[in-house]
Amino acid sequence: MPDSTTSRVSLTLGSSIESVDTVEQTAEDFAQRAGFDADTVPNIVMAVREAAINAILHGNSYSPEKQFTASFETSSDGLTVRICDQGAGFDSSRLPDPLAPQNLLRGSGRGIFLIRAFMDEVHFRQLHPGTELTLIKHRAPAKPVA
Amino acid sequence: MSMKVAIRQVDGITILDLSGRITLGEGSITLRDSVRDVLAKGSKKILLNLGQITYIDSSGIGELVSAFTSVKNSGGELKLLNLTQKVHDLLQITKLYTVFDVWDNEASAITAFG
């Protein structure tokens, strides 16, 4: 049974791979607590991991002076995750399409694409400095009682 | 769990049995170094067995693509063997499934090398 009460946690972490692993584990805990099924939980976890990687790699550039925050919230509507870095920010509308033939064999550039593939809503906000990435996964609507 | 690689030779094909996670950092670097090493030793026909890969992220996918292009640019061939459902799905949605030559039977994959 999903936990229908609101649950929140916010983590402030250094720009390291170990922090990404912490965020990944927390995402799995919250996705399971929110009641998502066994097929959906790994997709949510992957999306959140990719967002955390973006924060430390492209946002904070692995700078030891910069941190990022990861906030998780479950509610009756589903799961909301916010990842905020302290980087220079970027224009999400200018990201190259990884499915375009000329980009297909690139060794990078698929993170945001996977996030969008696995979450219901993805929003970017510039923080000056930094970027806030909000990921939302809705609970499937309840089936009507016959 | 980090990624581990076991390398064996079958009928002139270099098979890399990968296990664990191919993710940003150690896993991706291990894959990159392993492919670079077998190429440096003269292997041109390389089969990556992904049957024991438990997780792959976008960096891991990128590393598979880089391995594919490195081997191809060296005049060799790289094929994939035993994709898990998750890796299969990821290659489908990233449109890479048609780029790679994918097999689910080792003997057939070995025969398919030119």
# chains A, B, ... in the order shown; residues from 1 in each chain; ligands from 1
call {"tool": "interface_residues", "arguments": {"of": "chain B", "to": "chain A", "cutoff": "12 Å", "atoms": "only C-alpha atoms", "output": "ChimeraX atom specification"}}
result
/B:1-2,23-28,32,54-70,72,85-87,89-100
call {"tool": "write_last_selection", "arguments": {"atoms": "C-alpha atoms", "output": "CSV table (one decimal), in the first residue's frame"}}
result
chain,number,residue,atom,x,y,z
B,1,MET,CA,28.8,-2.8,-6.7
B,2,SER,CA,31.3,-1.7,-9.3
B,23,THR,CA,27.8,4.1,-14.5
B,24,LEU,CA,29.5,7.4,-14.4
B,25,GLY,CA,33.0,6.9,-12.8
B,26,GLU,CA,34.5,3.6,-12.1
B,27,GLY,CA,32.2,1.4,-14.2
B,28,SER,CA,32.5,3.5,-17.4
B,32,ARG,CA,36.8,2.1,-21.6
B,54,THR,CA,22.6,-5.0,-13.3
B,55,TYR,CA,22.4,-1.3,-14.1
B,56,ILE,CA,23.5,1.2,-16.7
B,57,ASP,CA,23.1,4.9,-16.8
B,58,SER,CA,23.5,7.5,-19.6
B,59,SER,CA,27.3,7.5,-19.0
B,60,GLY,CA,27.3,3.8,-19.4
B,61,ILE,CA,25.3,4.0,-22.6
B,62,GLY,CA,27.7,6.6,-23.9
B,63,GLU,CA,30.6,4.4,-23.1
B,64,LEU,CA,29.0,1.5,-25.1
B,65,VAL,CA,28.7,3.9,-28.0
B,66,SER,CA,32.3,5.1,-27.6
B,67,ALA,CA,33.5,1.5,-27.5
B,68,PHE,CA,31.5,0.8,-30.7
B,69,THR,CA,33.1,3.7,-32.5
B,70,SER,CA,36.6,3.0,-31.2
B,72,LYS,CA,35.0,0.4,-35.7
B,85,GLN,CA,15.4,-6.3,-20.4
B,86,LYS,CA,16.4,-3.0,-18.9
B,87,VAL,CA,19.4,-2.5,-21.1
B,89,ASP,CA,14.7,-1.0,-23.3
B,90,LEU,CA,17.3,1.8,-22.9
B,91,LEU,CA,18.8,1.0,-26.2
B,92,GLN,CA,15.4,1.0,-27.8
B,93,ILE,CA,14.3,4.4,-26.5
B,94,THR,CA,17.7,5.9,-27.4
B,95,LYS,CA,17.4,4.5,-30.9
B,96,LEU,CA,20.7,2.6,-30.4
B,97,TYR,CA,19.3,-0.8,-30.7
B,98,THR,CA,19.6,-0.6,-34.5
B,99,VAL,CA,23.1,0.8,-34.2
B,100,PHE,CA,24.5,-2.2,-32.3
call {"tool": "residues_around", "arguments": {"residues": "Leu80 in chain B", "least_positions_apart": "6", "cutoff": "9 Å", "atoms": "only C-alpha atoms", "output": "MDAnalysis selection string"}}
result
chainID B and resid 46:50 100:104 109
call {"tool": "select_by_dssp", "arguments": {"residues": "chain A", "states": "helix (DSSP H, G or I)", "output": "NGL selection string"}}
result
:A and (17-33 or 40-59 or 92-94 or 101-103 or 111-118)
call {"tool": "select_by_dssp", "arguments": {"residues": "range 26-120 of chain A", "states": "strand (DSSP E or B)", "output": "count of residues only"}}
result
16
call {"tool": "closest_residue", "arguments": {"among": "B:Gln52, B:Ser74, B:Ser43, B:Asn105", "to": "Ser19 in chain B", "atoms": "only C-alpha atoms"}}
result
B:Gln52
call {"tool": "atom_distance", "arguments": {"atom1": "CA of Gly87 in chain A", "atom2": "CA of Pro129 in chain A"}}
result
6.1 Å
call {"tool": "atom_distance", "arguments": {"atom1": "CA of Thr69 in chain A", "atom2": "CA of Arg82 in chain A"}}
result
7.7 Å
call {"tool": "residues_around", "arguments": {"residues": "Gly51 in chain B", "least_positions_apart": "3", "cutoff": "7 Å", "atoms": "only C-alpha atoms", "output": "number ranges by chain"}}
result
B: 82-84
call {"tool": "closest_residue", "arguments": {"among": "A:His58, A:Arg94, A:His128, A:Lys66", "to": "Thr12 in chain A", "atoms": "only C-alpha atoms"}}
result
A:Lys66
call {"tool": "closest_residue", "arguments": {"among": "A:Asn103, A:His138, A:Asp91, A:Glu24", "to": "Arg125 in chain A", "atoms": "only C-alpha atoms"}}
result
A:Asp91
